[in-house]
Structure formats: C-alpha cells, structure tokens
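> Quick one, protein-v6.tsv (TSV, C-alpha atoms and all ligand atoms):
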chain	number	residue	atom	x	y	z
A	1	MET	CA	8.73	24.82	-1.99
A	2	PRO	CA	7.36	21.29	-1.33
A	3	SER	CA	10.06	18.74	-0.60
A	4	ILE	CA	9.95	14.99	-1.11
A	5	ALA	CA	12.26	12.38	0.38
A	6	VAL	CA	13.01	9.78	-2.28
A	7	LEU	CA	13.96	6.37	-0.88
A	8	GLY	CA	14.44	3.94	-3.75
A	9	GLY	CA	15.67	1.05	-1.60
A	10	ASP	CA	16.33	-2.37	-3.09
A	11	GLY	CA	15.54	-4.54	-6.07
A	12	ILE	CA	13.46	-2.78	-8.69
A	13	GLY	CA	12.69	0.01	-6.19
A	14	PRO	CA	15.27	2.51	-7.51
A	15	GLU	CA	14.43	1.73	-11.18
A	16	ILE	CA	10.74	2.41	-10.85
A	17	ILE	CA	11.01	5.29	-8.38
A	18	ARG	CA	13.32	7.07	-10.86
A	19	GLU	CA	10.45	6.96	-13.38
A	20	ALA	CA	7.97	8.28	-10.82
A	21	VAL	CA	10.32	11.18	-10.11
A	22	ARG	CA	10.49	11.99	-13.83
A	23	VAL	CA	6.71	12.18	-13.98
A	24	LEU	CA	6.52	14.21	-10.78
A	25	ALA	CA	9.12	16.66	-12.11
A	26	ARG	CA	7.11	17.11	-15.31
A	27	VAL	CA	3.87	18.09	-13.60
A	28	ARG	CA	5.42	19.84	-10.60
A	29	PRO	CA	8.83	21.31	-11.48
A	30	ASP	CA	8.64	23.28	-8.21
A	31	VAL	CA	8.89	20.14	-6.06
A	32	GLU	CA	12.30	19.52	-4.53
A	33	THR	CA	13.48	15.92	-4.22
A	34	ALA	CA	16.30	14.51	-2.10
A	35	GLU	CA	17.45	10.88	-2.13
A	36	ALA	CA	18.61	8.78	0.81
A	37	PRO	CA	19.56	5.13	1.38
A	38	VAL	CA	17.16	2.68	3.03
A	39	GLY	CA	16.87	-1.08	3.54
A	40	GLY	CA	19.50	-3.30	1.98
A	41	ALA	CA	20.96	-0.28	0.19
A	42	ALA	CA	21.76	1.17	3.64
A	43	LEU	CA	22.99	-2.13	5.10
A	44	GLU	CA	25.38	-2.49	2.18
A	45	ARG	CA	26.99	0.79	3.24
A	46	GLY	CA	27.40	-0.40	6.80
A	47	LEU	CA	24.42	1.64	7.99
A	48	PRO	CA	21.28	0.46	9.82
A	49	PRO	CA	18.22	-0.35	7.63
A	50	LEU	CA	16.83	3.09	8.42
A	51	PRO	CA	19.83	5.41	8.94
A	52	ASP	CA	19.29	8.45	11.19
A	53	GLU	CA	20.15	10.72	8.27
A	54	THR	CA	17.37	9.13	6.22
A	55	ARG	CA	14.85	9.40	9.04
A	56	ARG	CA	15.74	13.06	9.51
A	57	LEU	CA	15.33	13.73	5.80
A	58	CYS	CA	11.85	12.16	5.94
A	59	ALA	CA	10.96	14.19	9.03
A	60	ARG	CA	11.73	17.50	7.32
A	61	SER	CA	10.04	16.53	4.04
A	62	ASP	CA	6.40	16.93	3.09
A	63	ALA	CA	6.15	13.31	2.00
A	64	VAL	CA	8.18	10.20	1.27
A	65	LEU	CA	8.31	8.38	-2.05
A	66	PHE	CA	9.45	4.86	-1.30
A	67	GLY	CA	10.50	2.04	-3.65
A	68	ALA	CA	10.88	-1.34	-1.98
A	69	VAL	CA	13.15	-3.07	0.54
A	70	GLY	CA	14.45	-6.61	0.91
A	71	LEU	CA	17.48	-8.55	-0.31
A	72	PRO	CA	17.70	-12.36	-0.28
A	73	LYS	CA	21.16	-12.24	1.33
A	74	TYR	CA	19.65	-10.89	4.57
A	75	ASP	CA	16.97	-13.59	4.85
A	76	ALA	CA	18.71	-15.28	7.76
A	77	ALA	CA	19.55	-12.05	9.61
A	78	PRO	CA	17.72	-11.13	12.83
A	79	MET	CA	14.58	-9.03	12.24
A	80	THR	CA	16.25	-5.74	13.24
A	81	GLN	CA	19.08	-6.29	10.76
A	82	ARG	CA	16.85	-7.06	7.80
A	83	PRO	CA	16.06	-4.45	5.15
A	84	GLU	CA	12.35	-4.76	6.03
A	85	ALA	CA	13.07	-3.29	9.48
A	86	ALA	CA	13.27	0.10	7.74
A	87	LEU	CA	9.64	-0.16	6.69
A	88	PHE	CA	8.44	-0.94	10.21
A	89	ALA	CA	10.60	1.86	11.65
A	90	LEU	CA	9.15	4.37	9.17
A	91	ARG	CA	5.58	3.18	9.69
A	92	SER	CA	5.83	3.35	13.48
A	93	SER	CA	7.99	6.44	13.96
A	94	PHE	CA	5.70	8.55	11.76
A	95	GLU	CA	2.60	6.68	13.00
A	96	LEU	CA	1.50	5.88	9.48
A	97	TYR	CA	-1.41	3.73	10.57
A	98	ALA	CA	-3.68	4.07	7.56
A	99	ASN	CA	-2.53	2.24	4.48
A	100	LEU	CA	-4.69	2.85	1.41
A	101	ARG	CA	-4.28	0.43	-1.47
A	102	PRO	CA	-6.47	1.38	-4.40
A	103	VAL	CA	-7.10	-1.51	-6.78
A	104	ARG	CA	-8.19	-0.55	-10.25
A	105	VAL	CA	-8.38	-2.32	-13.57
A	106	PHE	CA	-7.51	-0.01	-16.42
A	107	PRO	CA	-9.71	-0.32	-19.50
A	108	GLY	CA	-7.83	-2.48	-21.97
A	109	LEU	CA	-6.01	-4.47	-19.29
A	110	GLU	CA	-8.86	-6.87	-18.43
A	111	ASP	CA	-7.24	-9.71	-20.34
A	112	ALA	CA	-4.17	-9.57	-18.05
A	113	SER	CA	-6.24	-10.79	-15.11
A	114	SER	CA	-6.35	-14.45	-14.17
A	115	LEU	CA	-10.11	-13.98	-13.74
A	116	ARG	CA	-12.58	-13.73	-16.61
A	117	PRO	CA	-12.56	-10.20	-18.08
A	118	GLU	CA	-16.25	-9.64	-17.27
A	119	LEU	CA	-15.46	-10.14	-13.56
A	120	VAL	CA	-12.82	-7.44	-13.43
A	121	ARG	CA	-14.00	-4.88	-15.99
A	122	GLY	CA	-14.18	-1.46	-14.33
A	123	LEU	CA	-12.94	-2.85	-11.00
A	124	ASP	CA	-12.34	-0.05	-8.51
A	125	LEU	CA	-11.92	-0.86	-4.84
A	126	VAL	CA	-9.66	0.27	-2.00
A	127	VAL	CA	-8.13	-1.88	0.70
A	128	VAL	CA	-7.64	0.11	3.90
A	129	ARG	CA	-5.06	-1.78	5.92
A	130	GLU	CA	-4.17	-1.00	9.54
A	131	LEU	CA	-0.41	-0.55	9.44
A	132	THR	CA	1.03	0.05	12.90
A	133	GLY	CA	-0.54	-2.64	15.09
A	134	GLY	CA	-1.38	-6.31	15.27
A	135	LEU	CA	1.13	-9.11	14.76
A	136	TYR	CA	3.65	-6.80	13.13
A	137	PHE	CA	4.18	-4.80	16.30
A	138	GLY	CA	3.12	-7.16	19.10
A	139	ALA	CA	5.59	-8.79	21.48
A	140	ARG	CA	7.56	-11.61	19.90
A	141	GLU	CA	10.03	-14.17	21.00
A	142	THR	CA	11.85	-17.27	19.86
A	143	ARG	CA	13.12	-19.50	22.64
A	144	VAL	CA	14.04	-23.08	23.40
A	145	GLU	CA	12.19	-24.93	26.14
A	146	ASP	CA	13.22	-28.45	27.07
A	147	GLY	CA	15.08	-28.70	23.81
A	148	VAL	CA	12.03	-27.61	21.76
A	149	GLU	CA	12.12	-24.44	19.68
A	150	ILE	CA	9.17	-22.16	20.35
A	151	ALA	CA	8.23	-18.97	18.54
A	152	VAL	CA	5.58	-16.53	19.69
A	153	ASP	CA	3.97	-13.59	17.91
A	154	THR	CA	1.29	-11.50	19.55
A	155	MET	CA	-1.69	-9.97	17.83
A	156	ILE	CA	-2.60	-6.97	19.94
A	157	TYR	CA	-5.01	-4.10	19.30
A	158	ARG	CA	-6.13	-1.24	21.48
A	159	ALA	CA	-9.65	0.03	20.88
A	160	PRO	CA	-8.50	3.51	19.74
A	161	GLU	CA	-6.28	1.91	17.07
A	162	ILE	CA	-9.23	-0.03	15.73
A	163	GLU	CA	-11.50	2.96	15.88
A	164	ARG	CA	-9.21	5.31	13.95
A	165	ILE	CA	-8.61	2.88	11.10
A	166	LEU	CA	-12.31	2.05	10.86
A	167	ARG	CA	-12.95	5.79	10.73
A	168	THR	CA	-10.58	6.08	7.79
A	169	GLY	CA	-12.59	3.33	6.09
A	170	PHE	CA	-15.98	4.90	6.81
A	171	GLU	CA	-14.86	8.36	5.71
A	172	LEU	CA	-13.33	7.00	2.52
A	173	ALA	CA	-16.46	4.99	1.71
A	174	ARG	CA	-18.44	8.21	2.09
A	175	THR	CA	-16.46	9.79	-0.74
A	176	ARG	CA	-16.98	6.73	-2.97
A	177	ARG	CA	-19.83	4.24	-3.50
A	178	LYS	CA	-20.69	4.25	0.23
A	179	HIS	CA	-20.11	0.57	0.80
A	180	LEU	CA	-17.75	-0.63	3.51
A	181	THR	CA	-16.64	-4.21	4.11
A	182	SER	CA	-15.08	-4.73	7.52
A	183	VAL	CA	-12.99	-7.89	7.62
A	184	ASP	CA	-12.17	-9.83	10.79
A	185	LYS	CA	-12.01	-13.33	12.25
A	186	GLU	CA	-14.46	-12.81	15.06
A	187	ASN	CA	-15.38	-16.50	15.26
A	188	VAL	CA	-11.85	-17.17	16.59
A	189	LEU	CA	-9.84	-14.14	17.68
A	190	ASP	CA	-10.34	-11.78	20.62
A	191	THR	CA	-8.84	-8.90	18.66
A	192	SER	CA	-11.45	-9.54	15.97
A	193	ARG	CA	-14.32	-9.64	18.46
A	194	LEU	CA	-13.25	-6.23	19.70
A	195	TRP	CA	-12.89	-5.07	16.10
A	196	ARG	CA	-16.37	-6.30	15.20
A	197	ARG	CA	-17.98	-4.65	18.25
A	198	ILE	CA	-16.41	-1.30	17.41
A	199	ALA	CA	-17.31	-1.61	13.73
A	200	VAL	CA	-20.95	-2.36	14.56
A	201	ARG	CA	-21.10	0.56	16.96
A	202	MET	CA	-19.54	2.99	14.49
A	203	ALA	CA	-21.84	1.92	11.67
A	204	ALA	CA	-24.61	3.76	13.52
A	205	GLU	CA	-22.64	6.98	13.08
A	206	TYR	CA	-22.58	6.46	9.32
A	207	PRO	CA	-26.17	5.68	8.31
A	208	ASP	CA	-25.32	6.68	4.73
A	209	VAL	CA	-22.70	3.93	4.44
A	210	SER	CA	-23.82	0.33	3.96
A	211	VAL	CA	-21.65	-1.92	6.09
A	212	GLN	CA	-20.92	-5.58	5.65
A	213	HIS	CA	-18.87	-7.71	8.05
A	214	LEU	CA	-16.95	-10.59	6.52
A	215	LEU	CA	-14.75	-13.21	8.08
A	216	VAL	CA	-11.33	-13.05	6.49
A	217	ASP	CA	-11.47	-16.50	4.90
A	218	ASN	CA	-14.79	-15.68	3.29
A	219	ALA	CA	-13.48	-12.27	2.20
A	220	ALA	CA	-10.55	-13.97	0.45
A	221	MET	CA	-13.01	-16.15	-1.42
A	222	GLN	CA	-15.43	-13.35	-2.33
A	223	LEU	CA	-12.54	-11.28	-3.69
A	224	VAL	CA	-11.92	-13.77	-6.47
A	225	ARG	CA	-15.57	-14.71	-6.87
A	226	ARG	CA	-17.05	-11.25	-7.32
A	227	PRO	CA	-14.42	-8.54	-6.83
A	228	GLY	CA	-16.76	-5.93	-8.27
A	229	ALA	CA	-19.01	-6.24	-5.21
A	230	PHE	CA	-16.42	-4.45	-3.06
A	231	ASP	CA	-15.94	-0.72	-2.62
A	232	VAL	CA	-13.86	-0.10	0.53
A	233	ILE	CA	-12.41	-3.00	2.51
A	234	VAL	CA	-11.07	-2.19	5.97
A	235	THR	CA	-9.05	-4.66	8.00
A	236	GLU	CA	-6.21	-5.23	10.43
A	237	ASN	CA	-2.53	-5.38	9.51
A	238	THR	CA	-1.89	-9.03	8.61
A	239	PHE	CA	-5.27	-9.65	6.98
A	240	GLY	CA	-4.73	-6.48	4.96
A	241	ASP	CA	-1.29	-7.58	3.85
A	242	ILE	CA	-2.68	-10.82	2.48
A	243	LEU	CA	-5.93	-9.52	1.04
A	244	SER	CA	-4.24	-6.61	-0.72
A	245	ASP	CA	-1.90	-8.91	-2.62
A	246	GLU	CA	-4.88	-11.03	-3.59
A	247	ALA	CA	-6.87	-7.99	-4.68
A	248	ALA	CA	-3.84	-6.74	-6.56
A	249	ILE	CA	-3.30	-9.82	-8.68
A	250	VAL	CA	-6.93	-9.76	-9.69
A	251	THR	CA	-5.93	-6.75	-11.78
A	252	GLY	CA	-3.39	-8.86	-13.66
A	253	SER	CA	-0.20	-7.50	-12.15
A	254	ILE	CA	0.89	-6.34	-8.75
A	255	GLY	CA	3.14	-3.96	-10.71
A	256	THR	CA	0.29	-1.53	-11.26
A	257	LEU	CA	-0.75	-0.93	-7.67
A	258	PRO	CA	0.30	2.10	-5.62
A	259	SER	CA	-0.28	2.75	-1.93
A	260	ALA	CA	-0.45	5.62	0.50
A	261	SER	CA	0.43	5.32	4.19
A	262	LEU	CA	-1.02	8.16	6.18
A	263	GLY	CA	-0.83	9.29	9.77
A	264	ALA	CA	-2.97	11.15	12.22
A	265	GLY	CA	-3.69	14.80	12.57
A	266	GLY	CA	-2.84	16.07	9.09
A	267	VAL	CA	-5.02	18.47	7.18
A	268	PRO	CA	-6.72	16.44	4.43
A	269	GLY	CA	-4.71	17.01	1.26
A	270	LYS	CA	-1.71	18.26	3.24
A	271	GLN	CA	-0.97	15.22	5.25
A	272	PHE	CA	2.48	13.76	5.72
A	273	GLY	CA	2.55	10.35	4.09
A	274	MET	CA	4.66	7.64	2.57
A	275	TYR	CA	3.85	6.47	-0.93
A	276	GLU	CA	5.01	3.19	-2.34
A	277	PRO	CA	4.28	0.50	-4.91
A	278	ILE	CA	2.93	-2.56	-3.12
A	279	GLY	CA	4.78	-5.02	-5.35
A	280	GLY	CA	8.09	-5.34	-3.54
A	281	THR	CA	11.62	-5.78	-4.83
A	282	ALA	CA	11.05	-8.35	-7.62
A	283	PRO	CA	14.62	-9.75	-7.50
A	284	ASP	CA	13.97	-11.89	-10.59
A	285	ILE	CA	13.74	-8.86	-12.87
A	286	THR	CA	15.95	-6.37	-11.01
A	287	GLY	CA	18.32	-4.42	-13.23
A	288	LYS	CA	16.76	-5.62	-16.47
A	289	GLY	CA	14.96	-2.37	-17.20
A	290	ILE	CA	11.66	-4.17	-17.73
A	291	ALA	CA	9.84	-3.52	-14.44
A	292	ASN	CA	6.43	-1.93	-14.65
A	293	PRO	CA	6.73	1.69	-13.42
A	294	THR	CA	2.95	2.10	-13.14
A	295	ALA	CA	2.70	1.47	-9.38
A	296	ALA	CA	5.48	3.99	-8.69
A	297	ILE	CA	3.99	6.60	-11.02
A	298	LEU	CA	0.55	6.15	-9.45
A	299	SER	CA	2.15	6.41	-6.00
A	300	ALA	CA	3.43	9.84	-7.03
A	301	ALA	CA	-0.14	10.71	-8.01
A	302	LEU	CA	-1.36	9.66	-4.55
A	303	LEU	CA	1.39	11.78	-3.03
A	304	LEU	CA	0.15	14.82	-4.91
A	305	ARG	CA	-3.43	14.12	-3.83
A	306	HIS	CA	-2.90	13.41	-0.14
A	307	SER	CA	0.22	15.37	0.79
A	308	LEU	CA	0.47	18.27	-1.67
A	309	ASP	CA	-3.22	19.06	-2.02
A	310	ASP	CA	-2.87	18.81	-5.79
A	311	GLU	CA	-5.88	16.86	-7.03
A	312	THR	CA	-5.50	18.36	-10.50
A	313	ASN	CA	-2.10	16.84	-11.20
A	314	ALA	CA	-2.96	13.60	-9.39
A	315	THR	CA	-5.89	13.12	-11.75
A	316	ARG	CA	-3.78	14.15	-14.74
A	317	ILE	CA	-1.19	11.48	-14.00
A	318	GLU	CA	-3.83	8.80	-13.46
A	319	GLY	CA	-5.48	9.83	-16.71
A	320	ALA	CA	-2.18	9.67	-18.59
A	321	VAL	CA	-1.47	6.14	-17.31
A	322	ALA	CA	-4.99	5.05	-18.28
A	323	ALA	CA	-4.52	6.57	-21.74
A	324	VAL	CA	-1.29	4.64	-22.26
A	325	TYR	CA	-2.98	1.35	-21.35
A	326	ALA	CA	-5.97	2.20	-23.53
A	327	SER	CA	-3.57	2.69	-26.44
A	328	GLY	CA	-2.41	-0.92	-26.00
A	329	LYS	CA	1.06	-0.18	-24.63
A	330	ARG	CA	2.24	-2.64	-22.02
A	331	THR	CA	5.23	-3.66	-19.93
A	332	ALA	CA	6.34	-7.30	-19.78
A	333	ASP	CA	4.32	-8.24	-16.67
A	334	VAL	CA	1.02	-7.53	-18.40
A	335	ALA	CA	2.08	-8.03	-22.02
A	336	ALA	CA	0.06	-11.25	-22.49
A	337	GLY	CA	1.62	-11.95	-25.85
A	338	SER	CA	1.67	-8.38	-27.16
A	339	VAL	CA	4.80	-6.28	-27.59
A	340	SER	CA	6.13	-4.97	-24.30
A	341	LEU	CA	7.96	-1.73	-23.55
A	342	PRO	CA	10.95	-1.33	-21.24
A	343	THR	CA	10.45	0.64	-18.01
A	344	ALA	CA	11.70	3.99	-19.32
A	345	ALA	CA	9.86	3.74	-22.64
A	346	PHE	CA	6.59	3.09	-20.83
A	347	THR	CA	7.20	6.22	-18.75
A	348	ASP	CA	8.00	8.16	-21.92
A	349	ALA	CA	4.55	7.16	-23.18
A	350	VAL	CA	2.99	8.42	-19.94
A	351	LEU	CA	4.92	11.71	-20.25
A	352	ALA	CA	3.70	12.09	-23.81
A	353	GLU	CA	0.10	11.90	-22.56
A	354	LEU	CA	0.59	14.64	-19.98
B	401	LIG	C1	3.73	-4.88	2.19
B	401	LIG	C2	4.89	-5.82	2.28
B	401	LIG	C3	5.57	-5.68	3.64
B	401	LIG	C4	4.53	-6.00	4.69
B	401	LIG	C5	6.82	-6.57	3.76
B	401	LIG	C6	7.86	-6.20	2.74
B	401	LIG	C7	7.40	-6.54	5.14
B	401	LIG	O1	4.48	-7.12	2.03
B	401	LIG	O2	3.92	-3.66	2.35
B	401	LIG	O3	2.61	-5.34	1.94
B	401	LIG	O4	4.30	-7.17	5.01
B	401	LIG	O5	3.93	-5.06	5.23
B	402	MG	MG	2.50	-7.31	1.44
Could you express the structure from this file as structure tokens?

Amino acid sequence: MPSIAVLGGDGIGPEIIREAVRVLARVRPDVETAEAPVGGAALERGLPPLPDETRRLCARSDAVLFGAVGLPKYDAAPMTQRPEAALFALRSSFELYANLRPVRVFPGLEDASSLRPELVRGLDLVVVRELTGGLYFGARETRVEDGVEIAVDTMIYRAPEIERILRTGFELARTRRKHLTSVDKENVLDTSRLWRRIAVRMAAEYPDVSVQHLLVDNAAMQLVRRPGAFDVIVTENTFGDILSDEAAIVTGSIGTLPSASLGAGGVPGKQFGMYEPIGGTAPDITGKGIANPTAAILSAALLLRHSLDDETNATRIEGAVAAVYASGKRTADVAAGSVSLPTAAFTDAVLAEL
C-alpha cells in the first residue's frame, strides 16, 4: 500500500493540504497517509524545525506532501531555529535537487493575470530550479570586524550538480515542446560561467532540443514581456526561487502553482519526492478558510505522476481543476470581482468533477 507523509506545517499549509488529502483519498482510497509536525508547528511543541520522528516518517514513505513553513515570530531567530530550516533539511537529507514548478494558466483565468490576457492565454511552462546547492547551502558567516558588521554568503556549485539539473531540464524539454532556456549570469559570476560551459556542451547531446541561454536579468524581463515564448527554464537555486515567483504571478495567483522536488536514482514514475504549493504560508489569510487549495491539489496530482506512477489519476485531478475554473468558480485570490468560494467549497467543486 503506498504511503504518504503529510506535513501541513504553518500558515495556510494545513488548511490547503487537508483539501489535497481529500482529493487524493477520493481517487486513491488505497493510499495511506500519516501526519507529522514540521516548521513552526514543530517549534511550538518544543521540537526542532524538522523533528527526527518527522524525518523518519518521510524516509519510510513513498512521498511527502508538504504545506508551507514560516511564522513571523521566528523572524529574528538564528537560521537553524527558524521554521524554514525544515525545508533545507528535507531538501538536503533526501537530496531533492530537482525542483519542478509547472506554470499554467487555466482557460477562464486569463483575466486574473496582471498581464494582458492575450499574453498569458494557454501559458504552459516549467521552471526547473536547482534545489540543493548555490547560496542556500554555501558557507555563510556573520561577523564583526573592527566594529563593522560583515555578512558572507557563498554561491558554490560543483560541475556534477550543474550537470544533473541541466539533464533534468533537457530530458523534460524532450517530453514537451523541446525548447530549453538555460538561465545564468555568466557576464559576472564564476558559477554561471561554469554553468554556461556545461550547458553548451550538453546541448550537443540533445540535438532535438533547441537551447537558448539567457542572463537572469534579461530572463526576468522576457518572462513578463512574452511568457509564452518559454517552454522549460532551467536555472540555479536563487535565480530559480526568484524567477518562479515571477512566473507564478503571471498566472494571476501564486495560489495555483504546485511543485515537485525530486532526487536522484529513482525509477521515473516511482521516485521519492516532496510535493508542495510554492505560495508559502500567507499569514494574512491564515485561518480564514479562504485560501486557494489549487496549488495543494495540483501538488497531489504531481505526487501521483512522479512518485506513484499514476498518470491516469494525475491527469484526472488536473482536468477536474481545469473544469472548475472553466465553469467560472473562483477562490478570493483570483475572484476579480466575481463571487468567490471558500477553500473547502472550491475543493467540493473539484471532487464533483472527478
Ligand atoms: C520556495 C520558498 C523557500 C525558498 C523559502 C520559504 C525558504 O521561497 O520554496 O520558493 O526560498 O526556497
Ligand atoms: Mg520562493
């Protein structure tokens, strides 16, 4: 029996993950779920951000469904005592280096975008973000020298780390429109020069994929100028963090975007992975029952596709969400003047389409 670790976490995390679990249970009643505390929810119980118990649950599960972590009250705490430390611990201990962030505009939702509808109609791209290297995991330090505060972060990449994430990008592009945009800052950074060299070399292995190299500042601009020109975007950790939020909001709401974080060595379709909405904790709407469950529900679909080898139900869920949007139903974040449904009612509509 497949087993899923459910880590709701903080903010709207638990509210939207609950809805994803309802949808998952409908299409796959055979899947076992077990919940565990993470992030601020763990800290509040006097536990570390990623308690051992929680890590062990993840290790014996087929996949992890993750909500969000972060609580304003821990903003001043040292990095290791912040809820976010749980994310980094999960990403690194399970070597989840490939973060896929599919960005899609559902028919009927074009008017929610801040861009003109004709620019986003039919938008379908994927940001492939490197997730276990770069600034997030490089050496860091804050010190005082001669009475001056100094902080250092290190962007570090080893060639094999660059190669494996680029490979994820190339392989994914092959299954899609065969266009890959590799994003770097090779006019400034050594890590980017290495990245670019490897990307150019690998392009020769994929003659069927058209490759474009963009500097990250230009990529940020092109994303809002002509988002439809992108198919797969592959980039390092920090650039990917920033560009994926930008790509997300082009769809109108970050509340609709799921993600998959995958590791090495798995059989395609049966790979261990962590699945999470990219939108974060949204403290302003926490507990109000109005959060958009779409990202969480679509994360469950990604989980079925990548970890449970269940393309049929993944597609079914994605189709049901699309049908709900096509029927004009919305949550508050994308309501744009029309009537909006609470979190659970929106999920009910999705369930009704299944
Ligand atoms: C994300 C988030 C995290 C990140 C935060 C919460 C640490 O923004 O998953 O994109 O920066 O990776
Ligand atoms: Mg982010």
> Can you tell me how far CA of Ala352 (chain A) sits from CA of Ala295 (chain A), in Å to one decimal?
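Between these atoms lies a distance of 17.9 Å.
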> Find the residues of region 74-173 of chain A that sit at most 7 Å from region 254-266 of chain A; for each, write down the nearest two atoms and how far apart they are in Å, to one decimal. Count all atoms listed in the file. Sort by chain, then by number going up, and give it as JSON lines.

{"residue": "A:Phe94", "atom": "CA", "partner": "A:Gly263", "partner_atom": "CA", "distance": 6.9}
{"residue": "A:Glu95", "atom": "CA", "partner": "A:Gly263", "partner_atom": "CA", "distance": 5.4}
{"residue": "A:Leu96", "atom": "CA", "partner": "A:Gly263", "partner_atom": "CA", "distance": 4.1}
{"residue": "A:Tyr97", "atom": "CA", "partner": "A:Gly263", "partner_atom": "CA", "distance": 5.6}
{"residue": "A:Ala98", "atom": "CA", "partner": "A:Leu262", "partner_atom": "CA", "distance": 5.1}
{"residue": "A:Asn99", "atom": "CA", "partner": "A:Ser261", "partner_atom": "CA", "distance": 4.3}
{"residue": "A:Leu100", "atom": "CA", "partner": "A:Ala260", "partner_atom": "CA", "distance": 5.1}
{"residue": "A:Arg101", "atom": "CA", "partner": "A:Ser259", "partner_atom": "CA", "distance": 4.6}
{"residue": "A:Pro102", "atom": "CA", "partner": "A:Ser259", "partner_atom": "CA", "distance": 6.8}
{"residue": "A:Val103", "atom": "CA", "partner": "A:Leu257", "partner_atom": "CA", "distance": 6.4}
> What separation in Å, quoted to one decimal, exists between CA of Ala336 (chain A) and CA of Ala219 (chain A)?
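CA of Ala219 (chain A) lies 28.2 Å from CA of Ala336 (chain A).
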> So which residues touch region 173-177 of chain A within 12 Å, counting all atoms listed in the file, skipping near sequence neighbours fewer than 4 positions away, as a CSV table (one decimal) with C-alpha atoms, in the frame of the given file?

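The resulting file, out.csv, is shown below:
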chain,number,residue,atom,x,y,z
A,100,LEU,CA,-4.7,2.8,1.4
A,102,PRO,CA,-6.5,1.4,-4.4
A,124,ASP,CA,-12.3,0.0,-8.5
A,125,LEU,CA,-11.9,-0.9,-4.8
A,126,VAL,CA,-9.7,0.3,-2.0
A,127,VAL,CA,-8.1,-1.9,0.7
A,128,VAL,CA,-7.6,0.1,3.9
A,166,LEU,CA,-12.3,2.0,10.9
A,167,ARG,CA,-13.0,5.8,10.7
A,168,THR,CA,-10.6,6.1,7.8
A,169,GLY,CA,-12.6,3.3,6.1
A,181,THR,CA,-16.6,-4.2,4.1
A,182,SER,CA,-15.1,-4.7,7.5
A,203,ALA,CA,-21.8,1.9,11.7
A,205,GLU,CA,-22.6,7.0,13.1
A,206,TYR,CA,-22.6,6.5,9.3
A,207,PRO,CA,-26.2,5.7,8.3
A,208,ASP,CA,-25.3,6.7,4.7
A,209,VAL,CA,-22.7,3.9,4.4
A,210,SER,CA,-23.8,0.3,4.0
A,211,VAL,CA,-21.6,-1.9,6.1
A,228,GLY,CA,-16.8,-5.9,-8.3
A,229,ALA,CA,-19.0,-6.2,-5.2
A,230,PHE,CA,-16.4,-4.4,-3.1
A,231,ASP,CA,-15.9,-0.7,-2.6
A,232,VAL,CA,-13.9,-0.1,0.5
A,233,ILE,CA,-12.4,-3.0,2.5
A,234,VAL,CA,-11.1,-2.2,6.0
> Of the residues A:Lys178, A:Lys73, A:Arg129, A:Arg22, which is the one nearest to ligand LIG 401 (chain B), using all atoms listed in the file?
A:Arg129
